[in-house]
Amino acid sequence: MIGYIIIGIAAGFVASKIYKKEGSGCFVNLLLGIAGGWLGGMVLGWLGITASGSIGNFVVSVIGAIMLLWLWNKLS
């Protein structure tokens with residue numbers, strides 16, 4: 001459980017740095033990473049792409065968080 005939280009925080013931080021060039025705070029990064037993991041898992045699953053291991057889950061979470069940030073910026 002703690003490992004998933006750490007991966008979520010790191011994935012949200014990396015995604016916000018890639019997309020906005022700045023961090024968003026620990027709590028927002030955690031939410032971005034968790035939601036990004038879910039979104040990335042769903043989208044990549046639809047495409048037939050699966051990830052395994054901590055590094056694979058991290059990459060999927062970062063991809064999903066970037067998609068989430070892009071979508072948020074388009075809607076606002």
# chains A, B, ... in the order shown; residues from 1 in each chain; ligands from 1
call {"tool": "select_by_dssp", "arguments": {"residues": "chain A", "states": "alpha helix (DSSP H)", "output": "number ranges by chain"}}
result
A: 2-20, 26-46, 53-75
call {"tool": "residues_around", "arguments": {"residues": "stretch 49-54 of chain A", "least_positions_apart": "2", "cutoff": "12 Å", "atoms": "only C-alpha atoms", "output": "PyMOL selection string"}}
result
chain A and resi 3-8+10-11+37+40-47+56-61+63
call {"tool": "closest_residue", "arguments": {"among": "A:Val62, A:Lys74, A:Met67, A:Ile55", "to": "A:Phe13", "atoms": "only C-alpha atoms"}}
result
A:Val62
call {"tool": "closest_residue", "arguments": {"among": "A:Leu39, A:Leu75, A:Leu31, A:Leu69", "to": "A:Tyr19", "atoms": "only C-alpha atoms"}}
result
A:Leu69
call {"tool": "closest_residue", "arguments": {"among": "A:Leu30, A:Gly48, A:Gly64, A:Ile18", "to": "A:Ile2", "atoms": "only C-alpha atoms"}}
result
A:Leu30
call {"tool": "residues_around", "arguments": {"residues": "A:Ala65", "least_positions_apart": "6", "cutoff": "7 Å", "atoms": "only C-alpha atoms", "output": "ChimeraX atom specification"}}
result
/A:12,15,32-33,35-36
